[in-house]
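Data first, discussion second: the structure below is written as structure tokens.
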Amino acid sequence: MDPFYFIALIVLLPFVMTLAVPFAYKLMKEKVGWFAAAIAAVCFLLIASMVPSIMDGNNPAGAVSWIPSLSVNLAFYADGLAVLLGLIVSFIGILILSYSNKYLSKDEDLVRYYQYLLVFMGSMFGVAFSDNLIQLFIFWELTSISSFMLIGYYRKTKESIYGATKALLITGGAGLFMFVGFMCLFAITGTYGISEMLTNPEMLAAIKESPLFTITLILILIGALAKSAQGPFFIWLPNAMEAPTPVSAFLHSATMVKAGVFLVARLHPMFSGTTDWFVLVAGLGLITMIGAGFLALKQTDLKAILAFSTISQLAYLMTMFGFTTYAEPGIGVSAAVFHLLNHATFKACLFLLVGIIAHELHTRDIRKMGGLRKEMPITFVLMVIAAAAMAGIPPLNGYLSKELFYESSVHMAEALGGGIAYLIPVLAVIGGVLTFAYSFRLILKIFTGKRTEDPDVPKHVHDPSWVMLAPPAILAVLIVVIGLVPTPFVEALVQPAVNAILPGAEHLHVALWHGITPAFIMTIITFALGILLYTQYDRIAAWQVRFNEKHPKISLNYVYNTMVDNAFRFGATFGRMLQKGSPRRYVGIMLAFIIFMVAIPLGFALATGQPIFSTNLIFKIAISEMILFILIVLAAWGASVLPRYVPMILASSALGFFVALLYAYLKAPDLAMTQLCVETLSTIMFLLVIMKLRTKEAIRPETNKVRLRNAFIALCAASALFLLLMGADLFPAFESFSHYFMDKGVELTGGKNIVNVIVVDFRGYDTIGEISVLSIAALAIYNLIQSRTKKDGVSVDADADAASKTAVPGNFVPSCPIPGAPVGGNQVLGHVPCEDVTIHQNGDKPTMSVDEKSVNSHLDEGFSNTIREEKK
């Protein structure tokens with residue numbers, strides 16, 4: 001099979017099979033997870049079939065033209081690094097999807113759950129195998145979107161919604177910076193092709209010599225660091241633990257968070273060997289490694305401990321990829337790639353085991369655990385293996401990659417010239433000590449000591465069924481096998497990935513014993529200090545808690561929450577400034593702006609003595625045109641003065657139809673047809689809305705003052721338009737560019753209908769914008785129709801969740817809606833000051849009442865009278 005279609009099959013198969021999940025559910029019911037696991041297994045086998053070719057140095061690739069004018073192709077490329085990530089994603093995916101069969105209840109929305117996971121899996125394959133930066137960016141953002149949906153899987157809990165929103169804002173927003181960085185790379189190289197850049201020495205030299213080098217690196221790293229929860233962007237990952245545990249194991253430990261690390265590895269040849277790369281990548285990695293490890297000590301939630309440990313372990317990878325000098329650009333690459341594989345095994349295993357413990361004990365609070373080794377012996381053994389691997393205990397795989405990390409840190413210090421540079425291995429040891437402490441916390445606090453007596457924890461627990469035990473057991477076996485016999489894995493997976501980053505790199509030799517080396521001594525120091533630190537574990541955790549209570553503002557989460565709250569507050573304030581009157585007021589403001597814009601050229605003409613009216617205008621008009629103009633004027637007048645809504649709408653519609661006739665008369669049938677369609681649709685939509693609203697008689701009659709104001713605005717607007725038309729011929733004529741569309745239409749677009757070509761191709765972005773606006777308007781109208789349900793009085797049920805926590809009879813509520821816009825499942829029309837909204841106890845359900853004066857001051861006259869009538 002052609003390499004392009006073979007890799008495209010791997011990438012697109014999960015997306016296509018999401019459509020089959022509902023049908024599989026009808027046949028398999030709660031066992032539909034096996035269907036999803038089978039899809040992951042097929043992808044794993046397809047990717048594994050490329051390993052022999054990759055080991056021989058062949059890299060399958062292919063592309064088809066997508067947007068040739070922008071050098072954007074649909075391109076796939078499989079080298080050792082892509083295959084390694086693909087195998088990790090698919091293999092862990094098989095285990096997670098199998099595990100989910102028993103973890104999730106049959107009452108859950110299983111179709112949605114497995115569809116989201118398959119979409120995520122396909123997105124990760126797209127990131128791994130993309131050979132075009134724009135294509136990579138699309139799959140990159142798809143991982144953020146699918147992660148958002150999975151974190152927010154429990155859509156009725158505030159914590160899930162908060163965590164999902166936070167993850168999307170940080171990872172998705174940072175991705176936009178990365179996109180700009182890709183634009184900079186294109187500006188430097190003239191291509192979006194990744195392999196083309198990596199294999200062209202001239203392009204690599206041009207990137208490093210470009211004045212855009214530093215800003216390009218920073219922009220791309222923002223996206224990569226945010227995805228891998230590094231530096232100041234780490235705050236989204238702990239909140240993402242609100243997702244189901246299998247999701248956390250799949251996305252936020254073994255796969256998605258490695259996308260940022262993968263991007264750093266993929267672009268390593270472009271930016272490594274520079275001071276900027278070392279400072280930004282290795283520097284931030286070391287800081288994050290120690291900071292996250294330290295914060296992990298105070299966590300009491302099992303998944304929170306694993307979340308901060310994941311951040312710290314990913315920082316190990318970033319640090320190793322950042323070790324570079326001009327002479328030796330890839331000092332830590334081999335160690336990083338090996339740890340990339342090892343981390344996926346022990347961290348996914350730990351998450352699955354934590355899921356088992358939480359599933360059995362009905363809690364994730366580590367303070368409520370203890371003494372479980374006798375009741376859950378298999379889980380205990382697996383936890384010891386996985387946690388010891390993370391701590392770097394021999395003979396497990398984590399020990400091997402930890403040794404390589406220490407070795408590369410010493411090598412980096414020597415390459416920098418020693419002295420202060422030896423701070424690097426010191427920091428590496430500190431990170432290892434922290435890892436040792438929180439790793440053994442998981443073993444000792446959960447499984448040793450006395451059984452905790454807590455009413456919320458079941459008295460009798462046991463190991464779960466094989467469906468939940470098999471996936472972590474397989475991973476535990478891998479941890480031991482890779483530790484004892486690393487060579488096959490290094491030869492088949494690690495070395496090809498290293499060669500993809502550093503062509504011609506030295507062969508990686510991994511063994512449990514290399515003699516008494518600096519790395520071995522650092523390991524012994526790590527164990528000793530780790531044991532010492534563990535004796536002070538509780539004191540350090542208590543100090544952190546006290547510090548946070550005393551200084552709550554010294555927190556990145558506080559900064560994030562403040563920024564988000566201020567954004568909402570600014571939006572609400574801005575909305576109140578603009579949206580606090582009737583539609584007449586909005587129209588009046590727009591007309592005043594038009595008058596102002598006309599007054600500027602008119603004043604200029606008067607000041608300079610320029611003529612105001614053109615003497616070349618021709619006022620000759622045909623009878624048929626005059627009749628049409630009179631009908632248009634009459635329809636417009638009727639739409640303004642008719643007393644009821646329905647006649648007003650019909651008059652307005654007639655105005656539109658007369659304009660369509662005018663287009664037809666002026667030999668513009670396409671415009672006439674468009675006008676007819678739009679006018680017909682608008683009339684239907686207006687009538688549907690009005691059917692749900694009160695008649696116009698509910699509005700108080702206009703006073704003479706209001707009539708004079710409206711007449712003045714209308715007169716000014718008409719005068720402004722009259723002046724513009726009378727002076728139109730005074731402006732110099734410009735050359736029409738219509739000939740460009742006629743000359744280039746067929747050549748550039750292949751279309752022969754010039755109107756279609758202009759609308760769809762030359763003005764494609766405008767058309768998309770117009771369609772989007774119409775779609776949003778249609779949704780708004782639909783919601784308005786659905787919201788106009790009659791209620792008794794002006795009281796409306798408060799949001800059940802919020803009311804149960806904040807609503808006390810006689811007290812005010814923080815969010816103050818007027819009956820009718822969405823608060824939870826209810827609808828309200830707007831917002832009023834909090835002091836005008838009061839909670840009342842209506843049986844078992846709190847209700848909100850709104851002061852009528854506040855309603856009148858914040859809504860237009862029609863809705864105010866509507867609410868008054870409902871109250872009567």
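Order determines the names: the first chain of the structure tokens is A, the second B, and so forth; residues in each chain are numbered 1 upward, and ligands are numbered 1 upward as they are shown.
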If we count only C-alpha atoms, what is near stretch 529-544 of chain A at a cut-off of 12 Å, once residues fewer than 6 positions away on the same chain are taken out, given as a PyMOL selection string?
chain A and resi 293-300+367+391-393+429-442+444-445+522-523+550-552+554-555
Please produce a file of the residues just selected, as a short mmCIF file (atom, residue, chain, number, x, y, z; two decimals), in the first residue's frame, where the atoms kept are C-alpha atoms.
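For reference, again.cif as written:
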data_model
loop_
_atom_site.label_atom_id
_atom_site.label_comp_id
_atom_site.auth_asym_id
_atom_site.auth_seq_id
_atom_site.Cartn_x
_atom_site.Cartn_y
_atom_site.Cartn_z
CA GLY A 293 7.81 17.78 43.14
CA PHE A 294 7.70 20.06 46.18
CA LEU A 295 3.99 20.86 45.69
CA ALA A 296 3.22 17.14 45.39
CA LEU A 297 4.21 16.72 49.06
CA LYS A 298 1.17 18.59 50.37
CA GLN A 299 -1.45 16.82 48.23
CA THR A 300 -3.91 14.51 49.96
CA ARG A 367 -5.63 10.32 54.80
CA ALA A 391 11.31 6.55 42.36
CA GLY A 392 14.17 5.03 40.34
CA ILE A 393 14.65 1.82 42.30
CA VAL A 429 19.37 15.08 42.55
CA ILE A 430 16.91 17.35 44.39
CA GLY A 431 14.26 16.43 41.82
CA GLY A 432 15.05 12.75 42.36
CA VAL A 433 14.81 13.11 46.14
CA LEU A 434 11.35 14.68 45.89
CA THR A 435 10.25 11.93 43.50
CA PHE A 436 11.48 9.26 45.92
CA ALA A 437 9.50 10.81 48.78
CA TYR A 438 6.10 11.12 47.13
CA SER A 439 6.49 7.75 45.38
CA PHE A 440 6.93 5.91 48.66
CA ARG A 441 4.14 7.96 50.18
CA LEU A 442 1.78 6.15 47.80
CA LEU A 444 3.31 3.33 52.75
CA LYS A 445 0.29 5.55 53.37
CA MET A 522 24.06 10.48 42.69
CA THR A 523 21.54 7.63 42.88
CA LYS A 550 -1.62 32.92 55.10
CA HIS A 551 -0.70 34.06 51.55
CA PRO A 552 -3.54 32.94 49.25
CA ILE A 554 0.86 33.93 46.09
CA SER A 555 -0.49 31.39 43.69
#
Do you know which residues are at most 10 Å from A:Leu19 counting only C-alpha atoms, after dropping those on the same chain fewer than 5 positions away, and could you put them as an MDAnalysis selection string?
chainID A and resid 14 24 111 115
Expected file contents, prior selection, N, CA and C atoms, as a CSV table (one decimal), in the first residue's frame:
chain,number,residue,atom,x,y,z
A,14,PRO,N,-9.6,5.9,13.8
A,14,PRO,CA,-10.4,6.2,15.1
A,14,PRO,C,-11.5,7.2,14.8
A,24,ALA,N,-22.5,-0.2,17.7
A,24,ALA,CA,-21.9,-1.2,18.5
A,24,ALA,C,-22.5,-1.3,19.9
A,111,VAL,N,-21.6,5.8,25.1
A,111,VAL,CA,-21.4,6.1,23.7
A,111,VAL,C,-20.5,7.4,23.6
A,115,GLN,N,-16.6,7.6,22.2
A,115,GLN,CA,-16.4,8.4,21.0
A,115,GLN,C,-15.4,9.5,21.3
Taking only stretch 451-599 of chain A into account, list the residues labelled alpha helix (DSSP H) by DSSP (computed from the backbone), as a VMD selection string.
chain A and resid 466 to 484 487 to 489 495 to 501 518 to 535 537 to 550 556 to 578 583 to 599
Which polymer residues have any atom within 12 Å of an atom of A:Ile235, counting only C-alpha atoms, with same-chain residues fewer than 3 positions away left out, as a VMD selection string?
chain A and resid 163 166 to 167 169 to 171 225 to 232 238 to 241 288 291 to 292 295 304 307 to 308 311 555 to 561
Would you kindly return, as a ChimeraX atom specification, each protein, DNA or RNA residue with an atom no farther than 9 Å from any atom of A:Phe520, considering only C-alpha atoms and excluding same-chain residues fewer than 5 positions away?
/A:403,406-407,513-515,525
For A:Asp276, find every residue with an atom within 7 Å (counting only C-alpha atoms), except residues of its own chain fewer than 3 positions away, and show them as a PyMOL selection string.
chain A and resi 214+279-280
Can you spit out the residues from that selection as a compact mmCIF listing (two decimals), in the first residue's frame, using N, CA, C and O atoms?
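Final output, again_16.txt:
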# COMPACT_ATOMS: atom_id res chain seq x y z
N THR A 214 14.66 33.90 18.12
CA THR A 214 14.25 33.88 19.53
C THR A 214 12.75 33.99 19.68
O THR A 214 12.13 33.22 20.45
N VAL A 279 18.56 27.68 27.88
CA VAL A 279 17.99 28.47 28.98
C VAL A 279 16.48 28.24 29.08
O VAL A 279 15.95 28.01 30.18
N LEU A 280 15.78 28.31 27.95
CA LEU A 280 14.32 28.23 27.99
C LEU A 280 13.83 26.82 28.28
O LEU A 280 12.92 26.63 29.11
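Atom pair atom CA of A:Ile420 / atom CA of A:Leu267: separated by 28.7 Å.
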Report the distance between atom CA of A:Pro464 and atom CA of A:Ala348 in Å, rounded to one decimal place.
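According to the coordinates, atom CA of A:Pro464 and atom CA of A:Ala348 are separated by 17.5 Å.
The space between atom CA of A:Leu185 and atom CA of A:Leu212 spans 8.5 Å.
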Return the single residue from A:Gly764, A:Gly93, A:Gly449, A:Gly172 that is closest to A:Ser146, with distances computed using only C-alpha atoms.
A:Gly172
Sorted by chain and rising residue number, which residues of stretch 263-298 of chain A lie within 12 Å of stretch 120-136 of chain A, and what are their closest atom pairs and distances in Å to one decimal, counting only C-alpha atoms, as a tab-separated table?
residue	atom	partner	partner_atom	distance
A:Leu263	CA	A:Val127	CA	8.7
A:Ala265	CA	A:Ala128	CA	11.2
A:Arg266	CA	A:Ala128	CA	9.4
A:Leu267	CA	A:Leu133	CA	10.8
Pick from A:Ile781, A:Phe489, A:Leu508, A:Leu314, whichever lies nearest to A:Ala335 using only C-alpha atoms:
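Looking only at the distances to A:Ala335, the closest residue turns out to be A:Leu508.
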Show me, as an mmCIF file with N, CA and C atoms, in the first residue's frame, the residues that have an atom within 7 Å of stretch 76-90 of chain A when counting only C-alpha atoms, minus same-chain residues fewer than 4 positions from it.
data_model
loop_
_atom_site.group_PDB
_atom_site.id
_atom_site.type_symbol
_atom_site.label_atom_id
_atom_site.label_comp_id
_atom_site.auth_asym_id
_atom_site.auth_seq_id
_atom_site.Cartn_x
_atom_site.Cartn_y
_atom_site.Cartn_z
ATOM 1 N N PHE A 4 1.434 6.928 2.071
ATOM 2 C CA PHE A 4 0.514 7.992 2.491
ATOM 3 C C PHE A 4 -0.818 7.409 2.934
ATOM 4 N N ILE A 7 -0.527 5.354 6.322
ATOM 5 C CA ILE A 7 -0.495 6.171 7.540
ATOM 6 C C ILE A 7 -1.820 6.906 7.725
ATOM 7 N N ALA A 40 -8.289 0.309 18.831
ATOM 8 C CA ALA A 40 -6.935 0.676 19.269
ATOM 9 C C ALA A 40 -5.950 -0.437 18.953
ATOM 10 N N ALA A 41 -6.387 -1.695 19.091
ATOM 11 C CA ALA A 41 -5.505 -2.825 18.802
ATOM 12 C C ALA A 41 -5.140 -2.876 17.323
ATOM 13 N N CYS A 43 -4.977 -0.318 15.298
ATOM 14 C CA CYS A 43 -4.019 0.775 15.079
ATOM 15 C C CYS A 43 -2.634 0.392 15.588
ATOM 16 N N PHE A 44 -2.581 -0.276 16.744
ATOM 17 C CA PHE A 44 -1.292 -0.701 17.301
ATOM 18 C C PHE A 44 -0.580 -1.658 16.352
ATOM 19 N N ILE A 47 0.756 0.201 13.279
ATOM 20 C CA ILE A 47 1.958 0.989 13.579
ATOM 21 C C ILE A 47 3.144 0.067 13.821
ATOM 22 N N ALA A 48 2.900 -1.037 14.554
ATOM 23 C CA ALA A 48 3.988 -1.973 14.838
ATOM 24 C C ALA A 48 4.548 -2.583 13.558
ATOM 25 N N ILE A 54 11.435 1.025 9.964
ATOM 26 C CA ILE A 54 12.046 2.153 10.677
ATOM 27 C C ILE A 54 13.437 1.762 11.201
ATOM 28 N N ASN A 59 11.941 5.707 6.196
ATOM 29 C CA ASN A 59 10.893 6.515 6.803
ATOM 30 C C ASN A 59 9.748 6.697 5.812
ATOM 31 N N PRO A 60 8.677 5.904 5.919
ATOM 32 C CA PRO A 60 7.544 6.041 4.997
ATOM 33 C C PRO A 60 6.949 7.440 5.070
ATOM 34 N N ALA A 61 6.614 7.996 3.911
ATOM 35 C CA ALA A 61 6.057 9.352 3.859
ATOM 36 C C ALA A 61 5.214 9.495 2.595
ATOM 37 N N GLY A 62 4.353 10.478 2.606
ATOM 38 C CA GLY A 62 3.528 10.761 1.439
ATOM 39 C C GLY A 62 2.722 12.009 1.673
ATOM 40 N N ALA A 63 2.270 12.615 0.593
ATOM 41 C CA ALA A 63 1.512 13.866 0.710
ATOM 42 C C ALA A 63 0.605 14.025 -0.492
ATOM 43 N N ILE A 94 -5.320 0.633 24.217
ATOM 44 C CA ILE A 94 -5.920 -0.702 24.357
ATOM 45 C C ILE A 94 -6.206 -1.002 25.822
ATOM 46 N N MET A 121 -7.691 9.753 20.414
ATOM 47 C CA MET A 121 -6.648 8.860 19.915
ATOM 48 C C MET A 121 -6.258 9.227 18.481
ATOM 49 N N PHE A 125 -2.599 10.526 16.988
ATOM 50 C CA PHE A 125 -1.934 9.942 15.821
ATOM 51 C C PHE A 125 -1.622 11.033 14.796
ATOM 52 N N ALA A 128 1.403 12.915 15.859
ATOM 53 C CA ALA A 128 2.619 12.117 15.728
ATOM 54 C C ALA A 128 3.100 12.020 14.284
ATOM 55 N N PHE A 129 2.170 11.814 13.349
ATOM 56 C CA PHE A 129 2.562 11.501 11.976
ATOM 57 C C PHE A 129 2.440 12.674 11.011
ATOM 58 N N SER A 130 2.069 13.852 11.461
ATOM 59 C CA SER A 130 1.929 15.000 10.559
ATOM 60 C C SER A 130 3.289 15.463 10.066
ATOM 61 N N ASP A 131 3.316 15.785 8.776
ATOM 62 C CA ASP A 131 4.548 16.299 8.172
ATOM 63 C C ASP A 131 4.346 17.717 7.656
ATOM 64 N N THR A 255 -0.133 10.161 27.425
ATOM 65 C CA THR A 255 -0.213 10.511 26.002
ATOM 66 C C THR A 255 -0.295 12.015 25.738
ATOM 67 N N LEU A 493 12.771 0.473 19.531
ATOM 68 C CA LEU A 493 11.953 1.673 19.739
ATOM 69 C C LEU A 493 12.773 2.925 20.045
ATOM 70 N N PRO A 496 15.810 4.075 17.112
ATOM 71 C CA PRO A 496 15.258 4.736 15.914
ATOM 72 C C PRO A 496 14.708 6.128 16.200
ATOM 73 N N ALA A 497 14.093 6.316 17.398
ATOM 74 C CA ALA A 497 13.588 7.641 17.749
ATOM 75 C C ALA A 497 14.736 8.621 17.971
ATOM 76 N N ALA A 500 16.034 9.698 14.694
ATOM 77 C CA ALA A 500 15.152 10.659 14.029
ATOM 78 C C ALA A 500 15.435 12.081 14.492
#
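Each of A:Val498, A:Pro395, A:Ser624, A:Lys459 was checked against A:Leu666 using only C-alpha atoms; the smallest atom-to-atom distance is that of A:Ser624.
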Give me the residues within 9 Å of A:Ala636 as a ChimeraX atom specification, counting only C-alpha atoms and dropping any in the same chain fewer than 6 places off.
/A:651-652,654-655
